[in-house]
file run.cif (mmCIF, C-alpha atoms)
data_structure
#
loop_
_atom_site.label_atom_id
_atom_site.label_comp_id
_atom_site.auth_asym_id
_atom_site.auth_seq_id
_atom_site.Cartn_x
_atom_site.Cartn_y
_atom_site.Cartn_z
CA MET A 1 -120.00 258.12 229.32
CA PRO A 2 -117.54 257.61 226.48
CA SER A 3 -118.65 258.98 223.15
CA LEU A 4 -117.21 260.26 219.89
CA SER A 5 -115.34 263.23 221.38
CA SER A 6 -115.04 261.87 224.90
CA PHE A 7 -111.34 262.60 225.41
CA GLY A 8 -112.25 265.62 227.53
CA ARG A 9 -114.53 263.68 229.85
CA ARG A 10 -113.69 263.01 233.47
CA VAL A 11 -114.69 259.34 233.64
CA ARG A 12 -113.87 256.68 231.09
CA LYS A 13 -114.97 253.06 231.14
CA LEU A 14 -112.30 250.73 229.71
CA TRP A 15 -113.92 247.51 228.52
CA HIS A 16 -111.46 245.27 226.71
CA GLY A 17 -107.78 245.15 225.88
CA ALA A 18 -105.00 247.56 226.77
CA ASP A 19 -104.84 250.32 224.25
CA LEU A 20 -101.29 251.34 223.40
CA ALA A 21 -101.94 255.06 223.46
CA LEU A 22 -103.77 254.80 226.77
CA VAL A 23 -100.91 252.79 228.23
CA GLY A 24 -98.57 255.59 227.18
CA GLN A 25 -100.78 258.17 228.85
CA ARG A 26 -100.90 256.20 232.08
CA ARG A 27 -97.13 255.76 231.95
CA GLU A 28 -96.64 259.49 231.49
CA ARG A 29 -99.02 260.19 234.36
CA ARG A 30 -97.11 257.85 236.67
CA MET A 31 -93.78 259.37 235.63
CA ARG A 32 -95.10 262.89 236.30
CA MET A 33 -96.40 261.91 239.71
CA LEU A 34 -93.15 260.12 240.57
CA SER A 35 -91.12 263.14 239.42
CA SER A 36 -93.25 265.47 241.53
CA LEU A 37 -92.74 263.29 244.62
CA VAL A 38 -88.99 263.18 243.99
CA MET A 39 -88.97 266.98 243.70
CA ILE A 40 -90.81 267.32 247.01
CA VAL A 41 -88.55 264.86 248.87
CA MET A 42 -85.30 266.22 247.41
CA GLY A 43 -86.39 269.78 248.06
CA LEU A 44 -87.09 268.95 251.69
CA LEU A 45 -83.79 267.11 252.19
CA TRP A 46 -81.64 269.75 250.49
CA GLY A 47 -83.61 272.52 252.17
CA LEU A 48 -82.84 271.07 255.61
CA PHE A 49 -79.18 270.55 254.66
CA PHE A 50 -78.58 274.09 253.34
CA SER A 51 -80.59 275.74 256.11
CA SER A 52 -78.26 274.09 258.61
CA ARG A 53 -75.36 275.73 256.73
CA GLY A 54 -77.12 279.10 256.61
CA TYR A 55 -77.28 279.12 252.77
CA TRP A 56 -80.65 280.84 252.63
CA ALA A 57 -80.53 281.65 248.91
CA ILE A 58 -80.33 277.92 248.19
CA VAL A 59 -83.08 277.22 250.72
CA ILE A 60 -85.38 279.60 248.84
CA MET A 61 -84.70 277.63 245.65
CA ASP A 62 -85.48 274.39 247.51
CA VAL A 63 -88.80 275.83 248.69
CA ALA A 64 -89.61 276.73 245.08
CA ILE A 65 -88.81 273.15 244.08
CA ILE A 66 -91.13 271.77 246.77
CA LEU A 67 -93.98 274.07 245.71
CA SER A 68 -93.42 273.11 242.07
CA GLY A 69 -93.60 269.42 242.99
CA VAL A 70 -96.86 269.96 244.86
CA ALA A 71 -98.30 271.89 241.90
CA VAL A 72 -97.28 269.18 239.41
CA PHE A 73 -98.83 266.47 241.60
CA ALA A 74 -102.09 268.39 242.02
CA LEU A 75 -102.38 269.24 238.32
CA THR A 76 -101.68 265.64 237.34
CA LEU A 77 -104.49 264.45 239.61
CA ARG A 78 -106.79 266.93 237.85
CA ASN A 79 -105.65 265.63 234.43
CA GLN A 80 -104.22 269.02 233.44
CA ALA A 81 -101.24 267.49 231.67
CA ARG A 82 -99.98 270.56 229.81
CA SER A 83 -99.89 272.80 232.89
CA ALA A 84 -98.26 270.02 234.92
CA ASN A 85 -95.61 269.46 232.24
CA LEU A 86 -94.85 273.17 231.92
CA ILE A 87 -94.27 273.51 235.66
CA LEU A 88 -92.33 270.23 235.83
CA PHE A 89 -89.90 271.05 233.03
CA GLY A 90 -89.58 274.67 234.13
CA ALA A 91 -88.62 273.47 237.59
CA LEU A 92 -86.20 270.85 236.22
CA ILE A 93 -84.44 273.41 234.06
CA LEU A 94 -84.22 275.81 237.00
CA ILE A 95 -82.80 273.09 239.25
CA VAL A 96 -80.14 272.00 236.76
CA VAL A 97 -79.04 275.50 235.77
CA ALA A 98 -78.98 276.85 239.34
CA SER A 99 -77.14 273.78 240.64
CA THR A 100 -74.61 274.02 237.82
CA LEU A 101 -73.89 277.70 238.37
CA LEU A 102 -73.97 277.77 242.19
CA LEU A 103 -72.88 274.32 243.37
CA ASP A 104 -70.83 272.98 240.48
CA PRO A 105 -68.53 275.68 239.04
CA PRO A 106 -65.65 274.34 236.90
CA THR A 107 -62.15 274.32 238.42
CA LEU A 108 -58.75 272.95 237.42
CA MET A 109 -59.43 269.90 239.58
CA ALA A 110 -63.08 269.20 238.80
CA PRO A 111 -65.08 269.93 235.63
CA ARG A 112 -68.77 270.74 235.53
CA ALA A 113 -71.11 267.75 235.32
CA THR A 114 -74.55 268.83 236.54
CA HIS A 115 -75.38 270.45 233.18
CA LEU A 116 -75.33 266.97 231.59
CA TYR A 117 -78.85 266.45 232.97
CA LEU A 118 -80.11 268.95 230.40
CA LEU A 119 -79.69 266.26 227.73
CA PRO A 120 -82.25 263.81 229.21
CA VAL A 121 -84.48 266.77 230.08
CA ALA A 122 -84.46 267.75 226.38
CA VAL A 123 -85.51 264.22 225.36
CA GLY A 124 -88.15 264.15 228.09
CA ALA A 125 -89.58 267.42 226.77
CA LEU A 126 -89.98 265.88 223.31
CA MET A 127 -91.99 263.06 224.86
CA ALA A 128 -94.07 265.14 227.26
CA PHE A 129 -95.06 267.77 224.69
CA ARG A 130 -95.35 265.51 221.63
CA ASP A 131 -99.07 266.28 221.22
CA GLU A 132 -98.62 270.02 221.74
CA PRO A 133 -97.98 272.67 219.05
CA MET A 134 -94.64 272.45 217.30
CA TRP A 135 -93.29 275.65 218.89
CA LEU A 136 -93.79 274.18 222.35
CA ARG A 137 -92.67 270.64 221.56
CA TYR A 138 -89.41 271.63 219.87
CA GLY A 139 -88.99 274.98 221.61
CA MET A 140 -88.66 273.44 225.07
CA SER A 141 -86.22 270.79 223.85
CA LEU A 142 -84.08 273.29 221.90
CA PHE A 143 -84.03 275.62 224.89
CA CYS A 144 -82.55 272.82 227.01
CA LEU A 145 -79.91 272.07 224.37
CA LEU A 146 -78.95 275.75 224.07
CA LEU A 147 -78.54 275.96 227.84
CA PHE A 148 -76.40 272.82 227.73
CA VAL A 149 -74.09 274.32 225.10
CA ALA A 150 -73.84 277.61 227.00
CA LEU A 151 -72.94 275.91 230.30
CA ALA A 152 -70.54 273.45 228.63
CA ALA A 153 -68.68 276.19 226.74
CA SER A 154 -68.51 278.74 229.55
CA ASN A 155 -66.73 278.94 232.89
CA TRP A 156 -68.88 281.80 234.17
CA ARG A 157 -70.56 281.53 237.57
CA PRO A 158 -72.22 284.26 239.65
CA THR A 159 -70.42 283.35 242.89
CA ASP A 160 -68.22 280.71 244.52
CA LEU A 161 -69.94 281.08 247.89
CA TYR A 162 -72.03 277.91 247.56
CA ALA A 163 -69.56 275.80 245.56
CA LEU A 164 -69.03 272.26 246.80
CA PRO A 165 -65.45 271.19 247.63
CA ASP A 166 -63.34 269.88 244.74
CA ASP A 167 -62.83 266.46 246.32
CA VAL A 168 -66.61 266.01 246.49
CA ARG A 169 -67.12 267.28 242.95
CA ILE A 170 -64.43 265.04 241.44
CA VAL A 171 -66.34 261.95 242.54
CA GLY A 172 -69.63 263.68 241.82
CA SER A 173 -68.68 264.47 238.22
CA TRP A 174 -68.24 260.76 237.48
CA VAL A 175 -71.41 259.78 239.32
CA GLN A 176 -73.49 262.52 237.71
CA GLY A 177 -72.04 261.81 234.30
CA PHE A 178 -73.00 258.13 234.45
CA ALA A 179 -76.40 258.94 235.97
CA ALA A 180 -77.22 261.56 233.33
CA MET A 181 -76.19 259.29 230.48
CA ALA A 182 -78.13 256.33 231.91
CA LEU A 183 -81.21 258.53 232.18
CA PHE A 184 -80.57 259.84 228.66
CA PHE A 185 -80.38 256.28 227.28
CA LEU A 186 -83.50 255.20 229.18
CA LEU A 187 -85.54 258.10 227.82
CA LEU A 188 -84.30 257.43 224.28
CA HIS A 189 -85.47 253.83 224.67
CA ILE A 190 -88.89 254.94 225.94
CA LEU A 191 -89.17 257.47 223.12
CA GLN A 192 -88.36 254.80 220.54
CA SER A 193 -90.83 252.34 222.10
CA ASP A 194 -93.53 254.99 222.27
CA THR A 195 -93.00 255.88 218.63
CA ALA A 196 -93.30 252.22 217.64
CA GLU A 197 -96.50 251.84 219.70
CA ARG A 198 -98.05 254.92 218.14
CA SER A 199 -97.11 253.72 214.67
CA GLU A 200 -98.79 250.36 215.35
CA LEU A 201 -101.93 252.04 216.68
CA ASP A 202 -101.96 254.39 213.70
CA ARG A 203 -101.71 251.48 211.25
CA ASP A 204 -104.45 249.55 213.03
CA LEU A 205 -106.74 252.57 213.17
CA ARG A 206 -106.29 253.36 209.49
CA ALA A 207 -107.09 249.75 208.70
CA ALA A 208 -110.18 249.99 210.91
CA ILE A 209 -111.39 253.01 208.94
CA ARG A 210 -110.70 251.32 205.64
CA GLU A 211 -112.35 248.02 206.65
CA GLN A 212 -115.11 249.64 208.75
CA GLN A 213 -114.29 247.73 211.91
CA PHE A 214 -116.32 250.15 214.05
CA VAL A 215 -119.72 249.41 215.55
CA LEU A 216 -122.26 251.71 217.18
CA TYR A 217 -123.85 251.19 220.57
CA TYR A 218 -127.04 252.92 221.66
CA GLN A 219 -127.56 254.31 225.15
CA PRO A 220 -131.26 254.99 225.74
CA GLN A 221 -132.57 258.41 226.73
CA LEU A 222 -135.89 258.37 228.60
CA ASN A 223 -138.39 261.02 229.63
CA GLY A 224 -140.05 261.37 233.01
CA ALA A 225 -142.78 258.89 232.07
CA GLY A 226 -140.21 256.19 231.34
CA ARG A 227 -140.69 256.36 227.59
CA VAL A 228 -137.68 256.09 225.27
CA ILE A 229 -137.28 259.33 223.32
CA GLY A 230 -133.97 258.53 221.63
CA ALA A 231 -130.41 257.42 222.23
CA GLU A 232 -126.86 258.65 222.23
CA LEU A 233 -124.65 256.83 219.75
CA LEU A 234 -121.39 255.54 221.21
CA ILE A 235 -118.66 254.21 218.99
CA ARG A 236 -116.75 250.97 219.63
CA TRP A 237 -113.86 249.43 217.72
CA GLN A 238 -114.18 245.73 216.92
CA HIS A 239 -110.45 245.06 216.77
CA PRO A 240 -109.64 241.79 214.98
CA GLN A 241 -107.10 240.73 217.64
CA ARG A 242 -108.02 242.62 220.83
CA GLY A 243 -111.78 242.43 220.68
CA LEU A 244 -114.23 245.23 221.39
CA LEU A 245 -112.45 248.46 222.37
CA ALA A 246 -114.13 251.44 224.05
CA PRO A 247 -113.59 254.94 222.61
CA GLY A 248 -111.26 255.93 225.44
CA GLU A 249 -108.79 253.46 223.97
CA PHE A 250 -108.40 255.09 220.55
CA ILE A 251 -110.21 258.44 220.30
CA ASP A 252 -107.30 260.45 221.74
CA HIS A 253 -105.02 259.16 219.01
CA ALA A 254 -107.68 259.81 216.39
CA GLU A 255 -108.07 263.39 217.64
CA ASN A 256 -104.32 264.05 217.60
CA THR A 257 -103.76 262.59 214.12
CA GLY A 258 -106.88 263.93 212.40
CA LEU A 259 -108.31 260.44 211.89
CA ILE A 260 -111.28 261.58 213.95
CA ILE A 261 -112.62 263.28 210.79
CA PRO A 262 -113.19 260.10 208.71
CA ILE A 263 -114.36 258.28 211.85
CA GLY A 264 -116.85 261.05 212.55
CA GLN A 265 -118.06 261.00 208.97
CA TRP A 266 -118.66 257.25 209.23
CA VAL A 267 -120.65 257.72 212.46
CA LEU A 268 -122.83 260.41 210.89
CA GLU A 269 -123.42 258.28 207.78
CA GLN A 270 -124.49 255.32 209.93
CA THR A 271 -126.72 257.59 212.03
CA ALA A 272 -128.53 258.99 208.99
CA ALA A 273 -128.96 255.53 207.52
CA GLN A 274 -130.50 254.25 210.76
CA LEU A 275 -132.87 257.21 211.01
CA ARG A 276 -133.96 256.47 207.45
CA ARG A 277 -134.71 252.84 208.31
CA TRP A 278 -136.81 253.98 211.26
CA LYS A 279 -138.58 256.81 209.44
CA ASP A 280 -141.79 254.97 208.56
CA ASP A 281 -141.89 252.72 211.63
CA PRO A 282 -144.57 253.93 214.08
CA LEU A 283 -142.60 252.62 217.04
CA PHE A 284 -139.22 254.13 216.08
CA GLY A 285 -140.09 257.02 213.77
CA ASP A 286 -140.16 259.62 216.56
CA LEU A 287 -136.86 258.61 218.15
CA GLY A 288 -133.90 260.97 217.96
CA LEU A 289 -130.23 260.03 217.77
CA ALA A 290 -127.50 262.13 219.37
CA VAL A 291 -123.94 262.17 218.01
CA ASN A 292 -120.98 263.84 219.68
CA ILE A 293 -119.03 266.07 217.28
CA SER A 294 -115.30 266.66 217.68
CA GLN A 295 -113.67 270.05 217.32
CA LYS A 296 -111.65 269.01 214.27
CA GLN A 297 -114.75 267.64 212.58
CA PHE A 298 -116.85 270.72 213.22
CA SER A 299 -114.10 273.11 212.11
CA GLN A 300 -114.07 271.64 208.59
CA ASN A 301 -115.29 274.18 206.05
CA SER A 302 -117.45 271.50 204.45
CA PHE A 303 -119.18 270.46 207.70
CA VAL A 304 -122.52 272.17 207.07
CA ALA A 305 -122.68 270.95 203.47
CA GLU A 306 -121.88 267.39 204.56
CA ILE A 307 -124.64 267.35 207.19
CA LEU A 308 -127.21 268.79 204.78
CA GLY A 309 -126.05 266.33 202.15
CA LEU A 310 -126.61 263.43 204.55
CA ILE A 311 -130.10 264.67 205.38
CA GLY A 312 -131.04 265.09 201.73
CA ARG A 313 -129.46 261.86 200.53
CA HIS A 314 -131.18 259.71 203.14
CA GLY A 315 -134.40 261.73 203.19
CA ILE A 316 -134.56 261.87 207.00
CA ASP A 317 -136.33 264.30 209.31
CA ALA A 318 -133.54 266.65 210.40
CA ARG A 319 -135.25 267.12 213.77
CA ARG A 320 -134.32 263.53 214.65
CA LEU A 321 -130.61 264.32 214.36
CA GLU A 322 -128.99 265.85 217.43
CA LEU A 323 -125.39 267.03 217.36
CA GLU A 324 -123.66 267.21 220.74
CA LEU A 325 -121.02 269.88 221.25
CA THR A 326 -118.56 270.20 224.11
CA GLU A 327 -117.72 273.39 225.98
CA THR A 328 -114.16 273.21 224.65
CA LEU A 329 -115.50 273.53 221.12
CA ILE A 330 -117.74 276.45 222.12
CA VAL A 331 -114.89 278.67 223.28
CA HIS A 332 -112.69 277.83 220.31
CA ASP A 333 -114.27 279.97 217.58
CA MET A 334 -117.62 281.49 218.49
CA GLU A 335 -118.25 283.22 215.17
CA ASP A 336 -117.63 280.13 213.05
CA LEU A 337 -119.58 278.01 215.51
CA THR A 338 -122.60 280.32 215.55
CA ARG A 339 -122.68 280.60 211.76
CA LYS A 340 -122.60 276.84 211.18
CA MET A 341 -125.07 276.06 213.94
CA THR A 342 -127.55 278.65 212.66
CA ALA A 343 -127.33 277.27 209.13
CA LEU A 344 -128.10 273.75 210.32
CA VAL A 345 -130.80 274.77 212.81
CA GLU A 346 -132.64 276.50 209.97
CA HIS A 347 -132.95 273.05 208.36
CA GLY A 348 -134.19 271.42 211.57
CA VAL A 349 -130.99 269.96 213.07
CA ARG A 350 -130.89 270.15 216.87
CA PHE A 351 -127.86 270.93 219.04
CA SER A 352 -127.11 270.01 222.63
CA LEU A 353 -124.29 271.11 224.92
CA ASP A 354 -122.52 268.08 226.36
CA ASP A 355 -120.73 267.90 229.73
CA PHE A 356 -122.19 271.26 230.75
CA GLY A 357 -120.41 272.77 233.75
CA THR A 358 -117.00 271.14 233.23
CA GLY A 359 -115.55 273.57 230.68
CA PHE A 360 -115.18 277.30 230.22
CA SER A 361 -118.33 278.46 228.50
CA SER A 362 -120.23 281.39 229.98
CA LEU A 363 -123.81 282.60 229.88
CA SER A 364 -122.82 285.02 227.14
CA HIS A 365 -121.86 282.01 225.01
CA LEU A 366 -125.06 280.13 225.77
CA LYS A 367 -127.40 282.95 224.88
CA ARG A 368 -125.72 283.43 221.49
CA LEU A 369 -126.03 279.80 220.41
CA PRO A 370 -129.17 278.08 219.06
CA LEU A 371 -129.01 275.22 221.55
CA SER A 372 -132.03 273.05 222.26
CA LYS A 373 -130.67 270.91 225.09
CA LEU A 374 -128.24 271.04 228.03
CA LYS A 375 -126.65 267.84 229.32
CA ILE A 376 -125.66 267.85 232.99
CA ASP A 377 -122.29 266.17 233.34
CA ARG A 378 -122.20 262.81 235.12
CA SER A 379 -119.54 264.06 237.57
CA PHE A 380 -122.19 266.28 239.17
CA ILE A 381 -124.89 263.61 239.10
CA CYS A 382 -122.81 261.01 240.94
CA ASP A 383 -122.34 263.40 243.90
CA VAL A 384 -125.67 265.19 243.76
CA LEU A 385 -127.03 263.45 246.88
CA THR A 386 -123.86 263.75 248.97
CA ASP A 387 -122.16 266.99 247.92
CA ALA A 388 -123.80 270.37 248.50
CA ASN A 389 -121.85 272.02 245.69
CA SER A 390 -122.93 269.40 243.15
CA GLU A 391 -126.52 269.73 244.32
CA THR A 392 -126.41 273.51 243.87
CA ILE A 393 -124.83 273.21 240.42
CA VAL A 394 -127.45 270.70 239.26
CA ARG A 395 -130.35 272.83 240.51
CA THR A 396 -128.81 275.89 238.83
CA VAL A 397 -128.29 274.16 235.50
CA ILE A 398 -131.86 272.87 235.46
CA ALA A 399 -133.24 276.33 236.26
CA LEU A 400 -130.92 277.91 233.69
CA GLY A 401 -132.00 275.54 230.95
CA GLN A 402 -135.68 276.05 231.71
CA SER A 403 -135.32 279.84 231.75
CA MET A 404 -133.64 279.74 228.33
CA GLY A 405 -136.25 277.43 226.82
CA MET A 406 -133.93 274.43 226.60
CA THR A 407 -134.55 270.82 227.54
CA VAL A 408 -132.29 269.54 230.33
CA ILE A 409 -131.07 265.95 230.31
CA ALA A 410 -128.98 264.35 233.05
CA GLU A 411 -126.38 261.78 232.07
CA GLY A 412 -124.82 259.23 234.38
CA VAL A 413 -128.00 258.51 236.36
CA GLU A 414 -127.22 255.31 238.25
CA THR A 415 -129.68 255.19 241.18
CA GLU A 416 -133.40 255.70 241.61
CA ALA A 417 -132.69 258.31 244.29
CA GLN A 418 -130.70 260.38 241.79
CA ARG A 419 -133.47 260.14 239.19
CA ARG A 420 -136.09 261.14 241.74
CA PHE A 421 -134.06 264.14 242.89
CA LEU A 422 -133.58 265.29 239.31
CA ALA A 423 -137.24 264.88 238.45
CA ASP A 424 -138.32 266.75 241.60
CA ASN A 425 -136.12 269.66 240.51
CA GLY A 426 -137.51 269.90 237.00
CA CYS A 427 -135.17 267.70 234.92
CA SER A 428 -137.27 266.10 232.20
CA GLN A 429 -134.93 263.61 230.50
CA PHE A 430 -132.51 261.00 231.81
CA GLN A 431 -129.65 258.83 230.62
CA GLY A 432 -127.51 256.40 232.58
CA TYR A 433 -126.95 252.83 233.75
CA LEU A 434 -130.10 252.91 235.89
CA LEU A 435 -132.18 253.29 232.74
CA GLY A 436 -130.08 251.41 230.22
CA ARG A 437 -126.45 250.67 229.45
CA PRO A 438 -124.98 251.18 225.97
CA MET A 439 -126.20 248.29 223.85
CA PRO A 440 -126.08 246.96 220.28
CA LEU A 441 -128.86 247.93 217.89
CA ALA A 442 -130.78 244.64 218.28
CA ASP A 443 -130.87 244.99 222.06
CA PHE A 444 -131.87 248.64 221.78
CA SER A 445 -134.76 247.71 219.49
CA THR A 446 -135.98 245.20 222.07
CA PHE A 447 -135.55 247.83 224.78
CA VAL A 448 -137.71 250.32 222.88
CA GLN A 449 -140.40 247.72 222.22
CA ARG A 450 -140.52 246.89 225.92
CA HIS A 451 -140.82 250.53 227.04
CA ASN A 452 -142.81 252.08 224.20
CA GLY A 453 -144.74 249.18 222.77
#

call {"tool": "encode", "arguments": {"input": "run.cif", "output": "C-alpha cells"}}
result
Amino acid sequence: MPSLSSFGRRVRKLWHGADLALVGQRRERRMRMLSSLVMIVMGLLWGLFFSSRGYWAIVIMDVAIILSGVAVFALTLRNQARSANLILFGALILIVVASTLLLDPPTLMAPRATHLYLLPVAVGALMAFRDEPMWLRYGMSLFCLLLFVALAASNWRPTDLYALPDDVRIVGSWVQGFAAMALFFLLLHILQSDTAERSELDRDLRAAIREQQFVLYYQPQLNGAGRVIGAELLIRWQHPQRGLLAPGEFIDHAENTGLIIPIGQWVLEQTAAQLRRWKDDPLFGDLGLAVNISQKQFSQNSFVAEILGLIGRHGIDARRLELELTETLIVHDMEDLTRKMTALVEHGVRFSLDDFGTGFSSLSHLKRLPLSKLKIDRSFICDVLTDANSETIVRTVIALGQSMGMTVIAEGVETEAQRRFLADNGCSQFQGYLLGRPMPLADFSTFVQRHNG
C-alpha cells in the first residue's frame, strides 16, 4: 500500500487527480516501450533485407538490435527504468554509429546524414537520465555530442562494402536530415514541457510543506483475535485545486528533490503528537503507529537526535513508535544503519522491515539488525493461493521471522481465504483491505472502538 517511502513498491493506488510527475513517468514508460517495439520491428525487417544480400555482419548487428529491444521491453515491464534506459541508449548509439560508418560513408555526391540522429539522442538522454547521478545524466549526452562531432568532422569509414548507392543516399540525406531535426525539435519541446511541469509540482509541494496541506490516514493492523494493535500511517496531500492526492502522485518528486526530509519530519511530529494524545486513554494507549522512513531521511546525521527529541518533547512511550525500513535502505550503508538503529532501540523504538522479499537484503543483513517485525510484501499475498512460488516464499518468511524472534505481519490481505492461510502458517498480524482500508483519524477511532471496545 502507498506509504511515506512507497516509490519502490510494486503496486500503487492512484485516488484523485493526475499528478504531473506521474504523468511524466507514464509518458517515459510508453516512449521506452514504443522505442523497444520499433527496435524489434526494424531489426527484423533490416535483418531479412541484409540476409537476402548476404551481408552477415550487418545481420549480426540487426540481431543485437532485436535482442536489445526485447531486453528494454522486459525491463520496462519490470519497472527497472535505469537498466532499460542504459540498454536503449547504448543500442541507439550503436545503431547510429554503425549505420553512419557502414551504410552512409561520405562521398563527393552524397554527404553523411545518419549521424544527425545523435543530436536527438543526446537530448533524449538528458530526459531519460534526469534523476540519475550527474556523471550519468550529462556523461551520456556529452558522449553522443562527441560522437556527432567526430563523425561530422571525419571522412573515415572501415569499409565501403556495405555502403548504399549514392543516388539512394542523396535522397536519404534530405529525408534523414529533416527527420532528425523534427525529432530533435520534438524532444526539445517535451524537455521544456517536462521542466515546466516539474517546476509547477515543485512550487506546489513547497507550498504544501509551508502551509501543512498534508493529512494522515490510518490503516489498521489487527492480530489473530481480530483486535486492533496499531496502524500504519499513510500520507495524503490535500491539494487546494486537485483534491486529495495519494503518495504515489508526489513522493517520487519529493525523494528526488530532497523535500522528503521536511515531509518526513512533519509525519514524525504528527505521529508523536497523536501517540501523546492517546497515552492516557485505556482504549488507545497500547496502540502502536508505524511510519515508513525514506533513505534520505534516515541518512541525516541528526536523525537519531531528532527521534529522541520527539520522544522526549512529547513524553511518549517509545515502544509505541515503529519505524519501517525498506530493503533498499538496508543495503545502502549497513554500518550507519546498524549504529542508528541500535541507538534508537536502546530507547525503546521498534523497527520493522517493509516489503520483505522484494529487495536485495540477505540473511546476513537481517541477523545484524535489531528488527522486531517483518512485513510480507503484498505482491506475495495476492498470489499466495494461486502461485506455488508465492506460497513457498510466504511460508519461508513466516518461519524465518519466527526463528529469529520477530513478529511477522502480512500486508495486502484482501480475502478471508488469504487471512486463514496466513494464520494457519503462523502469521500473527494482518493488514489489508479485508480488515480495514486507510481512513481518517475519526474513522479509525470509531474502528478501534468497534473492535476493541

call {"tool": "residues_near_point", "arguments": {"input": "run.cif", "point": "(-80.9, 257.8, 229.4)", "cutoff": "12 Å", "atoms": "only C-alpha atoms", "output": "list in words"}}
result
Leu116, Tyr117, Leu118, Leu119, Pro120, Val121, Ala122, Val123, Gly124, Gly177, Phe178, Ala179, Ala180, Met181, Ala182, Leu183, Phe184, Phe185, Leu186, Leu187, Leu188, His189, Ile190, Leu191 and Gln192 of chain A

call {"tool": "atom_distance", "arguments": {"input": "run.cif", "atom1": "CA of Phe356 in chain A", "atom2": "CA of Ala410 in chain A"}}
result
10.0 Å

call {"tool": "resolve_selection", "arguments": {"input": "run.cif", "expression": "the PyMOL selection byres ((chain A and resi 44-47) around 12)", "output": "number ranges by chain"}}
result
A: 37-43, 48-67, 69-70, 95, 99

call {"tool": "residues_around", "arguments": {"input": "run.cif", "residues": "range 260-275 of chain A", "least_positions_apart": "3", "cutoff": "10 Å", "atoms": "only C-alpha atoms", "output": "PyMOL selection string"}}
result
chain A and resi 4-5+205-206+208-210+212+214-216+233-235+250-257+278-280+284-298+300+303+306-307+310-318+320-321+323+441

call {"tool": "residues_around", "arguments": {"input": "run.cif", "residues": "Leu126 in chain A", "least_positions_apart": "5", "cutoff": "12 Å", "atoms": "only C-alpha atoms", "output": "PyMOL selection string"}}
result
chain A and resi 85+89+119-121+131-145+187-188+190-192+194-195

call {"tool": "closest_residue", "arguments": {"input": "run.cif", "among": "A:Val97, A:Ile398, A:Ala128, A:Leu353", "to": "Arg112 in chain A", "atoms": "all atoms listed in the file"}}
result
A:Val97

call {"tool": "atom_distance", "arguments": {"input": "run.cif", "atom1": "CA of Val448 in chain A", "atom2": "CA of Ala231 in chain A"}}
result
10.2 Å

call {"tool": "closest_residue", "arguments": {"input": "run.cif", "among": "A:Leu108, A:Met334, A:Leu329, A:Met33", "to": "Asn79 in chain A", "atoms": "only C-alpha atoms"}}
result
A:Met33

call {"tool": "resolve_selection", "arguments": {"input": "run.cif", "expression": "the PyMOL selection byres ((chain A and resi 407) around 12)", "output": "ChimeraX atom specification"}}
result
/A:223,350-353,371-376,397-406,408-410,426-430

call {"tool": "atom_distance", "arguments": {"input": "run.cif", "atom1": "CA of Asp377 in chain A", "atom2": "CA of Phe129 in chain A"}}
result
28.6 Å

call {"tool": "closest_residue", "arguments": {"input": "run.cif", "among": "A:Leu201, A:Leu101, A:Leu146, A:Ala125", "to": "Leu161 in chain A", "atoms": "all atoms listed in the file"}}
result
A:Leu101

call {"tool": "closest_residue", "arguments": {"input": "run.cif", "among": "A:Leu103, A:Leu325, A:Leu283, A:Leu164", "to": "Thr338 in chain A", "atoms": "only C-alpha atoms"}}
result
A:Leu325

call {"tool": "axis_aligned_box", "arguments": {"input": "run.cif", "around": "range 114-126 of chain A", "padding_each_side": "4 Å", "output": "lines of an AutoDock Vina configuration file"}}
result
center_x = -82.3
center_y = 267.1
center_z = 229.9
size_x = 23.4
size_y = 14.6
size_z = 21.2

call {"tool": "resolve_selection", "arguments": {"input": "run.cif", "expression": "the PyMOL selection byres ((chain A and resi 414-416) around 8)", "output": "MDAnalysis selection string"}}
result
chainID A and resid 382 412:413 417:420 432:435

call {"tool": "residues_near_point", "arguments": {"input": "run.cif", "point": "(-66.1, 268.6, 244.0)", "cutoff": "9 Å", "atoms": "only C-alpha atoms", "output": "short mmCIF file (atom, residue, chain, number, x, y, z; two decimals) with C-alpha atoms, keeping the file's coordinate frame"}}
result
data_model
loop_
_atom_site.label_atom_id
_atom_site.label_comp_id
_atom_site.auth_asym_id
_atom_site.auth_seq_id
_atom_site.Cartn_x
_atom_site.Cartn_y
_atom_site.Cartn_z
CA LEU A 103 -72.88 274.32 243.37
CA ASP A 104 -70.83 272.98 240.48
CA PRO A 105 -68.53 275.68 239.04
CA THR A 107 -62.15 274.32 238.42
CA MET A 109 -59.43 269.90 239.58
CA ALA A 110 -63.08 269.20 238.80
CA PRO A 111 -65.08 269.93 235.63
CA ALA A 163 -69.56 275.80 245.56
CA LEU A 164 -69.03 272.26 246.80
CA PRO A 165 -65.45 271.19 247.63
CA ASP A 166 -63.34 269.88 244.74
CA ASP A 167 -62.83 266.46 246.32
CA VAL A 168 -66.61 266.01 246.49
CA ARG A 169 -67.12 267.28 242.95
CA ILE A 170 -64.43 265.04 241.44
CA VAL A 171 -66.34 261.95 242.54
CA GLY A 172 -69.63 263.68 241.82
CA SER A 173 -68.68 264.47 238.22
#

call {"tool": "closest_residue", "arguments": {"input": "run.cif", "among": "A:Glu346, A:Asp202, A:Asp387, A:Asp443", "to": "Val304 in chain A", "atoms": "only C-alpha atoms"}}
result
A:Glu346
